[in-house]
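Reproduced below: entry24.tsv, with TSV, C-alpha atoms.
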chain	number	residue	atom	x	y	z
A	1	MET	CA	68.87	91.90	81.24
A	2	THR	CA	70.66	94.15	83.75
A	3	VAL	CA	71.50	92.63	87.12
A	4	THR	CA	70.80	94.82	90.15
A	5	LYS	CA	72.09	94.68	93.72
A	6	GLU	CA	68.49	94.56	94.92
A	7	ALA	CA	67.82	91.39	92.91
A	8	VAL	CA	70.98	89.76	94.28
A	9	VAL	CA	70.08	90.67	97.87
A	10	GLU	CA	66.55	89.33	97.44
A	11	LYS	CA	67.89	86.05	96.05
A	12	LEU	CA	70.33	85.69	98.95
A	13	ARG	CA	67.44	85.98	101.42
A	14	SER	CA	66.63	82.39	100.46
A	15	ILE	CA	69.95	81.13	101.83
A	16	ARG	CA	69.99	79.81	105.36
A	17	GLY	CA	72.94	78.14	106.98
A	18	GLN	CA	73.06	75.17	109.32
A	19	ASN	CA	71.50	76.03	112.70
A	20	MET	CA	70.83	79.61	111.53
A	21	GLU	CA	67.52	81.11	112.58
A	22	SER	CA	67.35	83.56	109.69
A	23	ASP	CA	68.77	84.16	106.21
A	24	ILE	CA	72.30	85.40	105.57
A	25	VAL	CA	71.13	88.86	104.54
A	26	SER	CA	69.03	89.50	107.66
A	27	LEU	CA	71.91	88.25	109.79
A	28	GLY	CA	74.21	90.84	108.22
A	29	LEU	CA	76.64	88.27	106.80
A	30	VAL	CA	76.75	89.58	103.24
A	31	SER	CA	79.37	92.19	102.36
A	32	GLU	CA	78.96	95.09	99.94
A	33	ILE	CA	77.91	93.63	96.58
A	34	PHE	CA	79.89	94.65	93.51
A	35	ILE	CA	78.57	94.02	89.99
A	36	ALA	CA	80.68	94.44	86.87
A	37	ASP	CA	79.69	93.30	83.39
A	38	ALA	CA	77.07	90.82	84.65
A	39	LYS	CA	79.52	89.31	87.16
A	40	VAL	CA	78.68	89.52	90.87
A	41	PHE	CA	81.30	89.74	93.63
A	42	PHE	CA	80.74	89.62	97.40
A	43	SER	CA	81.82	87.80	100.54
A	44	VAL	CA	79.95	86.02	103.34
A	45	THR	CA	81.06	86.48	106.95
A	46	VAL	CA	80.93	83.34	109.10
A	47	PRO	CA	82.06	82.53	112.66
A	48	ALA	CA	85.81	81.88	112.65
A	49	GLU	CA	85.44	78.62	114.57
A	50	LYS	CA	82.96	77.29	111.98
A	51	ALA	CA	84.62	78.64	108.87
A	52	ARG	CA	85.87	75.28	107.58
A	53	GLU	CA	82.43	73.70	107.66
A	54	MET	CA	80.75	76.64	105.93
A	55	GLU	CA	81.91	75.89	102.38
A	56	PRO	CA	78.43	74.49	101.47
A	57	LEU	CA	76.93	77.84	102.54
A	58	ARG	CA	79.33	79.72	100.25
A	59	ALA	CA	78.59	77.34	97.38
A	60	ALA	CA	74.83	77.70	97.91
A	61	ALA	CA	75.07	81.49	97.86
A	62	GLU	CA	77.15	81.39	94.66
A	63	ALA	CA	74.76	78.97	92.96
A	64	ALA	CA	71.76	81.07	93.94
A	65	VAL	CA	73.23	84.23	92.46
A	66	LYS	CA	74.35	82.46	89.28
A	67	SER	CA	70.74	81.31	88.74
A	68	LEU	CA	69.53	84.90	88.41
A	69	PRO	CA	68.64	85.98	84.86
A	70	GLY	CA	71.41	88.09	83.37
A	71	VAL	CA	74.16	86.87	85.72
A	72	GLU	CA	77.13	85.49	83.81
A	73	GLY	CA	79.28	84.62	86.78
A	74	ALA	CA	79.76	85.06	90.52
A	75	VAL	CA	82.75	85.19	92.85
A	76	VAL	CA	81.82	84.49	96.47
A	77	ALA	CA	84.42	84.26	99.23
A	78	LEU	CA	84.16	83.29	102.90
A	79	THR	CA	85.50	85.74	105.44
A	80	ALA	CA	85.81	85.33	109.20
A	81	GLU	CA	85.49	88.16	111.67
A	82	ARG	CA	88.56	88.92	113.69
A	83	LYS	CA	88.33	89.54	117.38
A	84	GLY	CA	88.85	93.24	117.87
A	85	GLY	CA	87.29	94.13	114.51
A	86	GLY	CA	88.35	93.87	110.91
A	87	MET	CA	88.01	91.08	108.44
A	88	GLU	CA	90.23	88.22	107.49
A	89	ARG	CA	89.93	85.41	105.03
A	90	ALA	CA	88.31	82.32	106.43
A	91	PRO	CA	90.89	79.63	107.17
A	92	GLN	CA	91.08	76.91	104.55
A	93	PRO	CA	91.51	73.20	105.26
A	94	ARG	CA	95.19	72.40	105.52
A	95	PRO	CA	96.90	69.27	104.23
A	96	ALA	CA	98.62	66.89	106.57
A	97	PRO	CA	101.88	68.26	108.01
A	98	GLN	CA	104.91	67.70	105.80
A	99	GLN	CA	108.59	67.75	106.43
A	100	PRO	CA	110.17	71.19	105.87
A	101	PRO	CA	111.24	71.57	102.22
A	102	GLN	CA	114.90	71.29	101.37
A	103	GLN	CA	116.78	74.46	100.59
A	104	GLY	CA	115.75	75.83	97.20
A	105	ARG	CA	112.73	73.53	96.83
A	106	GLN	CA	109.06	74.40	97.11
A	107	PRO	CA	106.38	72.41	98.91
A	108	ALA	CA	103.91	70.64	96.67
A	109	LYS	CA	101.44	73.07	95.08
A	110	ARG	CA	98.64	72.47	92.63
A	111	GLY	CA	99.80	73.33	89.14
A	112	VAL	CA	97.86	74.59	86.14
A	113	PRO	CA	97.07	71.86	83.58
A	114	GLY	CA	99.08	72.28	80.39
A	115	VAL	CA	101.41	74.94	81.82
A	116	LYS	CA	105.01	73.73	82.22
A	117	SER	CA	106.48	76.69	84.10
A	118	ILE	CA	105.06	79.76	85.85
A	119	ILE	CA	107.30	82.73	86.51
A	120	ALA	CA	106.44	85.90	88.43
A	121	VAL	CA	107.57	89.39	87.49
A	122	ALA	CA	107.42	91.51	90.62
A	123	SER	CA	108.55	94.79	92.15
A	124	GLY	CA	108.68	96.16	95.66
A	125	LYS	CA	106.80	99.30	94.61
A	126	GLY	CA	104.77	100.69	91.73
A	127	GLY	CA	106.00	103.01	89.02
A	128	VAL	CA	109.17	101.12	88.09
A	129	GLY	CA	107.92	99.79	84.74
A	130	LYS	CA	107.22	96.25	85.93
A	131	SER	CA	104.31	95.59	83.56
A	132	THR	CA	106.16	96.95	80.53
A	133	THR	CA	109.11	94.75	81.46
A	134	ALA	CA	106.87	91.72	81.99
A	135	VAL	CA	105.13	91.97	78.63
A	136	ASN	CA	108.37	92.50	76.69
A	137	ILE	CA	110.05	89.57	78.46
A	138	ALA	CA	107.02	87.43	77.59
A	139	LEU	CA	107.30	88.50	73.96
A	140	GLY	CA	111.05	87.84	74.06
A	141	LEU	CA	110.38	84.28	75.26
A	142	ALA	CA	107.83	83.84	72.48
A	143	ALA	CA	110.38	85.10	69.95
A	144	ALA	CA	112.69	82.32	71.18
A	145	GLY	CA	110.11	79.77	70.05
A	146	LEU	CA	108.23	79.14	73.28
A	147	GLU	CA	104.46	78.96	73.76
A	148	VAL	CA	103.82	81.81	76.20
A	149	GLY	CA	100.92	83.24	78.17
A	150	ILE	CA	100.73	86.26	80.46
A	151	LEU	CA	98.44	86.69	83.46
A	152	ASP	CA	97.80	90.24	84.63
A	153	ALA	CA	97.56	89.67	88.40
A	154	ASP	CA	97.31	93.37	89.24
A	155	ILE	CA	93.60	93.57	90.08
A	156	TYR	CA	93.66	97.22	91.16
A	157	GLY	CA	95.69	98.47	88.20
A	158	PRO	CA	95.51	96.06	85.24
A	159	SER	CA	97.85	97.10	82.41
A	160	MET	CA	97.80	94.31	79.84
A	161	PRO	CA	94.78	95.46	77.80
A	162	ARG	CA	96.48	98.81	77.17
A	163	LEU	CA	100.01	97.42	76.74
A	164	LEU	CA	98.89	94.83	74.19
A	165	GLY	CA	96.22	96.90	72.46
A	166	LEU	CA	93.44	94.48	73.40
A	167	SER	CA	89.77	95.28	73.97
A	168	GLY	CA	86.50	93.41	74.19
A	169	LYS	CA	85.36	90.61	76.43
A	170	PRO	CA	86.81	87.07	76.54
A	171	GLU	CA	84.60	84.26	75.32
A	172	THR	CA	83.89	81.08	77.28
A	173	VAL	CA	84.49	77.47	76.33
A	174	ASP	CA	81.46	75.97	78.05
A	175	GLY	CA	79.95	78.86	79.96
A	176	LYS	CA	82.42	78.33	82.80
A	177	VAL	CA	86.00	78.37	81.50
A	178	LEU	CA	87.27	81.58	79.88
A	179	LYS	CA	89.20	81.67	76.64
A	180	PRO	CA	92.29	83.86	76.97
A	181	MET	CA	92.65	86.80	74.62
A	182	GLN	CA	95.57	86.71	72.18
A	183	ALA	CA	98.01	89.32	70.91
A	184	TYR	CA	101.35	89.03	69.11
A	185	GLY	CA	101.33	85.25	69.50
A	186	ILE	CA	100.85	85.12	73.29
A	187	LYS	CA	97.76	84.33	75.34
A	188	VAL	CA	96.55	86.96	77.80
A	189	MET	CA	94.13	87.20	80.72
A	190	SER	CA	93.38	90.31	82.80
A	191	ILE	CA	90.60	91.64	85.00
A	192	GLY	CA	90.83	94.62	82.66
A	193	PHE	CA	88.92	92.58	80.05
A	194	LEU	CA	85.98	92.14	82.43
A	195	VAL	CA	85.53	95.71	83.72
A	196	GLU	CA	85.76	99.15	82.16
A	197	GLU	CA	89.20	100.79	82.19
A	198	GLU	CA	88.16	103.59	84.56
A	199	THR	CA	86.13	101.41	86.95
A	200	PRO	CA	87.79	101.38	90.41
A	201	MET	CA	88.25	97.93	91.93
A	202	ILE	CA	87.13	98.49	95.52
A	203	TRP	CA	87.61	94.93	96.72
A	204	ARG	CA	88.75	93.31	99.93
A	205	GLY	CA	91.54	90.75	100.01
A	206	PRO	CA	89.40	87.58	99.75
A	207	MET	CA	87.61	88.91	96.68
A	208	VAL	CA	90.93	89.76	95.04
A	209	MET	CA	92.26	86.26	95.70
A	210	SER	CA	89.08	84.66	94.37
A	211	ALA	CA	89.38	86.66	91.15
A	212	LEU	CA	93.07	85.74	90.79
A	213	THR	CA	92.29	82.07	91.34
A	214	GLN	CA	89.63	82.15	88.65
A	215	MET	CA	91.89	83.90	86.14
A	216	LEU	CA	94.65	81.39	86.81
A	217	ARG	CA	92.74	78.11	87.03
A	218	GLU	CA	89.48	78.74	85.16
A	219	VAL	CA	91.08	79.86	81.91
A	220	ALA	CA	91.71	77.55	78.94
A	221	TRP	CA	95.44	78.28	78.71
A	222	GLY	CA	96.12	75.20	76.60
A	223	GLU	CA	99.70	73.95	76.29
A	224	LEU	CA	102.17	76.61	77.46
A	225	ASP	CA	105.91	76.43	78.00
A	226	VAL	CA	105.83	79.51	80.23
A	227	LEU	CA	103.09	81.52	81.92
A	228	VAL	CA	104.38	84.96	82.95
A	229	VAL	CA	102.51	86.44	85.92
A	230	ASP	CA	102.62	90.24	86.12
A	231	MET	CA	102.36	90.53	89.91
A	232	PRO	CA	100.83	93.48	91.77
A	233	PRO	CA	103.45	95.90	93.13
A	234	GLY	CA	104.49	95.53	96.76
A	235	THR	CA	104.56	92.60	99.18
A	236	GLY	CA	100.99	92.42	100.47
A	237	ASP	CA	98.50	89.59	100.94
A	238	ALA	CA	97.84	89.00	97.23
A	239	GLN	CA	101.54	88.71	96.41
A	240	LEU	CA	102.30	86.45	99.37
A	241	THR	CA	99.32	84.18	98.69
A	242	MET	CA	100.27	83.82	95.02
A	243	ALA	CA	103.84	82.96	96.03
A	244	GLN	CA	102.65	80.38	98.57
A	245	GLN	CA	99.85	78.73	96.57
A	246	VAL	CA	101.06	78.86	92.96
A	247	PRO	CA	103.93	76.54	91.88
A	248	LEU	CA	106.23	79.33	90.74
A	249	ALA	CA	109.31	78.12	88.89
A	250	GLY	CA	111.01	81.43	89.63
A	251	ALA	CA	110.64	85.17	90.17
A	252	ILE	CA	112.08	88.23	88.45
A	253	ILE	CA	112.46	91.47	90.41
A	254	VAL	CA	112.21	94.79	88.54
A	255	SER	CA	113.70	97.96	90.01
A	256	THR	CA	115.03	101.34	88.99
A	257	PRO	CA	118.60	102.31	89.98
A	258	GLN	CA	117.91	104.76	92.82
A	259	ASP	CA	118.26	103.74	96.46
A	260	LEU	CA	114.59	104.32	97.34
A	261	ALA	CA	113.38	101.85	94.71
A	262	LEU	CA	116.10	99.33	95.62
A	263	ILE	CA	115.00	99.30	99.27
A	264	ASP	CA	111.54	98.14	98.17
A	265	ALA	CA	113.00	95.73	95.62
A	266	ARG	CA	114.92	94.00	98.41
A	267	LYS	CA	111.64	93.49	100.27
A	268	GLY	CA	110.15	91.74	97.26
A	269	LEU	CA	113.28	89.65	96.85
A	270	ASN	CA	113.23	88.58	100.50
A	271	MET	CA	109.54	87.69	100.30
A	272	PHE	CA	110.21	85.15	97.55
A	273	ARG	CA	113.22	83.77	99.41
A	274	ARG	CA	111.13	83.18	102.54
A	275	VAL	CA	108.59	81.09	100.62
A	276	ASP	CA	111.31	79.15	98.74
A	277	VAL	CA	110.63	80.57	95.28
A	278	PRO	CA	113.82	80.58	93.16
A	279	LEU	CA	115.04	84.03	92.15
A	280	LEU	CA	115.77	84.16	88.44
A	281	GLY	CA	117.34	87.59	88.73
A	282	ILE	CA	116.98	91.38	88.88
A	283	VAL	CA	116.23	93.72	85.97
A	284	GLU	CA	117.26	97.37	86.23
A	285	ASN	CA	114.64	99.40	84.35
A	286	MET	CA	115.01	103.08	83.33
A	287	SER	CA	118.71	102.47	83.80
A	288	TYR	CA	119.93	105.41	81.73
A	289	PHE	CA	118.77	107.92	79.12
A	290	ILE	CA	120.40	108.53	75.73
A	291	ALA	CA	119.61	111.98	74.36
A	292	PRO	CA	118.20	111.51	70.84
A	293	ASP	CA	119.78	114.73	69.54
A	294	THR	CA	123.33	114.41	70.93
A	295	GLY	CA	123.67	110.74	71.85
A	296	ALA	CA	124.87	111.76	75.32
A	297	ARG	CA	124.09	109.39	78.18
A	298	TYR	CA	122.36	110.69	81.31
A	299	ASP	CA	122.01	108.58	84.47
A	300	ILE	CA	118.82	110.25	85.64
A	301	PHE	CA	118.10	107.82	88.48
A	302	GLY	CA	121.70	106.99	89.29
A	303	THR	CA	123.61	104.13	87.77
A	304	GLY	CA	124.37	100.49	88.53
A	305	GLY	CA	122.31	100.31	91.73
A	306	ALA	CA	120.47	97.11	90.82
A	307	ARG	CA	123.64	95.44	89.54
A	308	ARG	CA	125.46	96.19	92.79
A	309	ASP	CA	122.53	94.93	94.84
A	310	ALA	CA	122.37	91.74	92.77
A	311	GLU	CA	126.07	91.08	93.36
A	312	ARG	CA	125.79	91.85	97.07
A	313	LEU	CA	122.74	89.63	97.54
A	314	GLY	CA	123.98	86.78	95.36
A	315	VAL	CA	121.21	87.13	92.78
A	316	PRO	CA	121.78	87.04	88.99
A	317	PHE	CA	121.68	90.40	87.24
A	318	LEU	CA	119.56	90.02	84.11
A	319	GLY	CA	120.24	93.33	82.38
A	320	GLU	CA	119.69	97.08	82.05
A	321	VAL	CA	116.75	98.55	80.17
A	322	PRO	CA	117.26	102.17	79.05
A	323	LEU	CA	114.71	104.94	79.51
A	324	THR	CA	113.60	105.78	75.98
A	325	MET	CA	110.72	107.62	74.38
A	326	ASN	CA	110.27	104.71	72.01
A	327	ILE	CA	109.49	102.17	74.75
A	328	ARG	CA	107.01	104.56	76.38
A	329	GLU	CA	105.26	105.50	73.13
A	330	ARG	CA	105.01	101.90	71.92
A	331	SER	CA	103.68	100.75	75.29
A	332	ASP	CA	101.01	103.47	75.37
A	333	SER	CA	99.88	102.59	71.85
A	334	GLY	CA	99.59	98.86	72.57
A	335	GLU	CA	102.55	97.95	70.38
A	336	PRO	CA	105.36	96.75	72.67
A	337	VAL	CA	108.79	97.18	71.12
A	338	VAL	CA	109.70	93.48	71.02
A	339	ALA	CA	106.69	92.88	68.77
A	340	SER	CA	106.53	96.15	66.83
A	341	GLU	CA	110.28	96.67	66.29
A	342	PRO	CA	111.76	93.19	66.75
A	343	ASP	CA	115.09	94.15	65.17
A	344	GLY	CA	115.46	97.45	67.05
A	345	PRO	CA	117.97	98.15	69.86
A	346	GLN	CA	115.34	98.21	72.62
A	347	ALA	CA	113.91	94.87	71.50
A	348	ALA	CA	117.43	93.43	71.53
A	349	VAL	CA	117.80	94.39	75.20
A	350	TYR	CA	114.58	92.63	76.18
A	351	LYS	CA	115.43	89.56	74.09
A	352	GLU	CA	118.81	89.28	75.82
A	353	ILE	CA	117.06	89.46	79.20
A	354	ALA	CA	114.54	86.84	78.07
A	355	GLY	CA	117.43	84.58	77.02
A	356	ARG	CA	119.01	84.91	80.46
A	357	VAL	CA	115.64	84.21	82.10
A	358	LEU	CA	115.28	81.06	80.01
A	359	ALA	CA	118.79	79.91	80.96
A	360	ARG	CA	118.10	80.55	84.66
A	361	LEU	CA	114.79	78.73	84.41
A	362	LYS	CA	116.58	75.71	82.95
A	363	GLU	CA	119.17	75.81	85.74
A	364	GLU	CA	116.50	75.91	88.45
A	365	THR	CA	114.52	73.10	86.80
A	366	GLU	CA	117.59	70.89	86.56
A	367	ALA	CA	118.53	71.67	90.18
A	368	ALA	CA	115.04	70.76	91.37
A	369	GLU	CA	115.11	67.50	89.41
A	370	ALA	CA	118.55	66.65	90.76
A	371	ALA	CA	117.33	67.24	94.33
A	372	THR	CA	114.43	64.82	93.85
A	373	PRO	CA	115.35	61.37	95.23
A	374	ALA	CA	115.30	58.59	92.67
A	375	ILE	CA	113.30	55.41	93.32
A	376	VAL	CA	115.33	52.32	92.44
A	377	PHE	CA	113.77	48.86	92.06
A	378	GLU	CA	116.12	45.95	92.67
Here is the file; what I need is its structure written in the form of structure tokens.
Amino acid sequence: MTVTKEAVVEKLRSIRGQNMESDIVSLGLVSEIFIADAKVFFSVTVPAEKAREMEPLRAAAEAAVKSLPGVEGAVVALTAERKGGGMERAPQPRPAPQQPPQQGRQPAKRGVPGVKSIIAVASGKGGVGKSTTAVNIALGLAAAGLEVGILDADIYGPSMPRLLGLSGKPETVDGKVLKPMQAYGIKVMSIGFLVEEETPMIWRGPMVMSALTQMLREVAWGELDVLVVDMPPGTGDAQLTMAQQVPLAGAIIVSTPQDLALIDARKGLNMFRRVDVPLLGIVENMSYFIAPDTGARYDIFGTGGARRDAERLGVPFLGEVPLTMNIRERSDSGEPVVASEPDGPQAAVYKEIAGRVLARLKEETEAAEAATPAIVFE
């Protein structure tokens, strides 16, 4: 049975909040409703000063929509109206104040059951090959014997279904928790599995964060050594919230060699530093081009820019990935080089980078454990 916006609106007319004289639809509190593959997404605007006590209203609206025939899921977020116009996410209850974290340590964050380490692969801008790098690093870690998953956190431009040659819809464990898709021995989750490839994601920030939270915490990841998060490009709200709320063990920055890309890469690097996420290192993608007919090397985007920046900023340099037709063709066909040509020269580059990432991850884990005070019983 097809779900319609009209049916959702009519159902929401039954929801009244505390001390409200009318329903949330008549009061104009419901945002534009978006429906994709039997999943319903919208937000409810509430007074900023009452936002914290309005969680039951949000839950009631979500439950009402989920009860409609044909609805397989709903994502409902609270938003609060800003003075002067515009929307912002409703403030969430905050834990009791804590002492500022020590240098290099993160404040306590809720982890994902079964997942030992979560690492982010990020870039300051789009178009630098971040997703291709992320998936090949994930496959390189899997080739080293680790249990690996990858979360496609780019809601507006999901790449993992295409990069890994996956299609179809994920199944559920109990009607609530999604089973991740699998390809080449790694587990995968992406919004691209839930909507058509050409469907534009016209969502506001709270809806994006709700979807990310569901894909992270409402997926049966099982036991993983590493979950690689392919972050959205840039340093906006989604990236900052993920960095602040998810217990990231470290971050990898991907850039191309030219100055313009490096300027944006520094922004991403500084964002993670400000929220105390360890920096595992910088990868220089599209570093150089080797002509297939002559073997001559061409530094199309310059050379060594990311390495110099890493040295100047005191961040490990993880390696250079060449610009090759093979990487592009394999990525477009859903056969990443580390999986399809594991003994090839391009795969060797990614595996070396994955090895350095693993070594850096171990260093950061040991440093964090050493910084934790021991409790001695006498």
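Relative to CA of Met209 in chain A, CA of Leu29 in chain A is found at 19.3 Å.
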Judged by all atoms listed in the file, the minimum distance to Phe41 in chain A among A:Val229, A:Val177, A:Val71, A:Val76 is found for A:Val76
Applying 9 Å and all atoms listed in the file, which residues near Ile150 in chain A remain after dropping the ones on its own chain fewer than 5 positions away? List them as an MDAnalysis selection string.
chainID A and resid 134:135 138 160 186:190 226:230
For Ala142 in chain A, which of A:Val112, A:Met215, A:Ala339, A:Arg307 is the closest residue, counting all atoms listed in the file?
A:Ala339
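The two atoms in question, CA of Glu218 in chain A and CA of Ala183 in chain A, are spaced 19.7 Å apart.
Minimum atom-to-atom distances from A:Met1, A:Ala63, A:Leu141, A:Leu262 to Ile119 in chain A were compared using all atoms listed in the file, and the lowest value belongs to A:Leu141.
Interatomic distance, CA of Phe193 in chain A against CA of Pro161 in chain A: 6.9 Å.
The environment of Ile253 in chain A within 10 Å, counting all atoms listed in the file and disregarding residues fewer than 5 places along the same chain, consists of A:Ala120, A:Val121, A:Ala122, A:Ser123, A:Gly124, A:Lys130, A:Ala265, A:Arg266, A:Gly268, A:Leu269, A:Phe272, A:Leu279, A:Leu280, A:Gly281, A:Ile282, A:Val283, A:Glu284, A:Ala306, A:Phe317, A:Leu318.
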Excluding Met242 in chain A and its own-chain neighbours fewer than 3 positions away, which residues fall within 10 Å of it when counting only C-alpha atoms? Please give them as a ChimeraX atom specification.
/A:120,153,209,212-213,229,231,237-239,245-248
With distances taken over only C-alpha atoms, which residue among A:Ile327, A:Val148, A:Ala61, A:Ala251 lies nearest Glu341 in chain A?
A:Ile327
Please list as number ranges by chain every residue within 12 Å of Thr2 in chain A, counting all atoms listed in the file and excluding residues in the same chain fewer than 3 positions away.
A: 5-8, 35-40, 68-72
Based on the selection just made, write C-alpha atoms of those residues as a PDB file, keeping the file's coordinate frame.
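File produced: part_35.pdb:
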ATOM      1  CA  LYS A   5      72.090  94.680  93.720  1.00  0.00           C
ATOM      2  CA  GLU A   6      68.490  94.560  94.920  1.00  0.00           C
ATOM      3  CA  ALA A   7      67.820  91.390  92.910  1.00  0.00           C
ATOM      4  CA  VAL A   8      70.980  89.760  94.280  1.00  0.00           C
ATOM      5  CA  ILE A  35      78.570  94.020  89.990  1.00  0.00           C
ATOM      6  CA  ALA A  36      80.680  94.440  86.870  1.00  0.00           C
ATOM      7  CA  ASP A  37      79.690  93.300  83.390  1.00  0.00           C
ATOM      8  CA  ALA A  38      77.070  90.820  84.650  1.00  0.00           C
ATOM      9  CA  LYS A  39      79.520  89.310  87.160  1.00  0.00           C
ATOM     10  CA  VAL A  40      78.680  89.520  90.870  1.00  0.00           C
ATOM     11  CA  LEU A  68      69.530  84.900  88.410  1.00  0.00           C
ATOM     12  CA  PRO A  69      68.640  85.980  84.860  1.00  0.00           C
ATOM     13  CA  GLY A  70      71.410  88.090  83.370  1.00  0.00           C
ATOM     14  CA  VAL A  71      74.160  86.870  85.720  1.00  0.00           C
ATOM     15  CA  GLU A  72      77.130  85.490  83.810  1.00  0.00           C
TER      16      GLU A  72
END
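The residue that comes closest to Ala348 in chain A, out of A:Thr4, A:Asn136, A:Ser22, A:Ser31 and on the basis of only C-alpha atoms, is A:Asn136.
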Counting all atoms listed in the file, figure out which residue out of A:Pro257, A:Gly250, A:Gly314, A:Gly295 gets nearest to Val275 in chain A.
A:Gly250
Spatial neighbours of Arg274 in chain A, max dist 10 Å, only C-alpha atoms, sep filter under 5 positions, as a PDB file with C-alpha atoms, in the frame of the given file:
ATOM      1  CA  LEU A 240     102.300  86.450  99.370  1.00  0.00           C
ATOM      2  CA  ALA A 243     103.840  82.960  96.030  1.00  0.00           C
ATOM      3  CA  GLN A 244     102.650  80.380  98.570  1.00  0.00           C
ATOM      4  CA  LEU A 269     113.280  89.650  96.850  1.00  0.00           C
TER       5      LEU A 269
END
Counting only C-alpha atoms, I want the residues whose atoms come within 9 Å of (112.2, 96.8, 72.7) in the file frame, returned as a PDB file with C-alpha atoms, in the coordinates of the input.
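And here's result33.pdb as it stands now:
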ATOM      1  CA  ASN A 136     108.370  92.500  76.690  1.00  0.00           C
ATOM      2  CA  VAL A 321     116.750  98.550  80.170  1.00  0.00           C
ATOM      3  CA  ASN A 326     110.270 104.710  72.010  1.00  0.00           C
ATOM      4  CA  ILE A 327     109.490 102.170  74.750  1.00  0.00           C
ATOM      5  CA  ARG A 330     105.010 101.900  71.920  1.00  0.00           C
ATOM      6  CA  PRO A 336     105.360  96.750  72.670  1.00  0.00           C
ATOM      7  CA  VAL A 337     108.790  97.180  71.120  1.00  0.00           C
ATOM      8  CA  VAL A 338     109.700  93.480  71.020  1.00  0.00           C
ATOM      9  CA  ALA A 339     106.690  92.880  68.770  1.00  0.00           C
ATOM     10  CA  SER A 340     106.530  96.150  66.830  1.00  0.00           C
ATOM     11  CA  GLU A 341     110.280  96.670  66.290  1.00  0.00           C
ATOM     12  CA  PRO A 342     111.760  93.190  66.750  1.00  0.00           C
ATOM     13  CA  ASP A 343     115.090  94.150  65.170  1.00  0.00           C
ATOM     14  CA  GLY A 344     115.460  97.450  67.050  1.00  0.00           C
ATOM     15  CA  PRO A 345     117.970  98.150  69.860  1.00  0.00           C
ATOM     16  CA  GLN A 346     115.340  98.210  72.620  1.00  0.00           C
ATOM     17  CA  ALA A 347     113.910  94.870  71.500  1.00  0.00           C
ATOM     18  CA  ALA A 348     117.430  93.430  71.530  1.00  0.00           C
ATOM     19  CA  VAL A 349     117.800  94.390  75.200  1.00  0.00           C
ATOM     20  CA  TYR A 350     114.580  92.630  76.180  1.00  0.00           C
ATOM     21  CA  LYS A 351     115.430  89.560  74.090  1.00  0.00           C
TER      22      LYS A 351
END
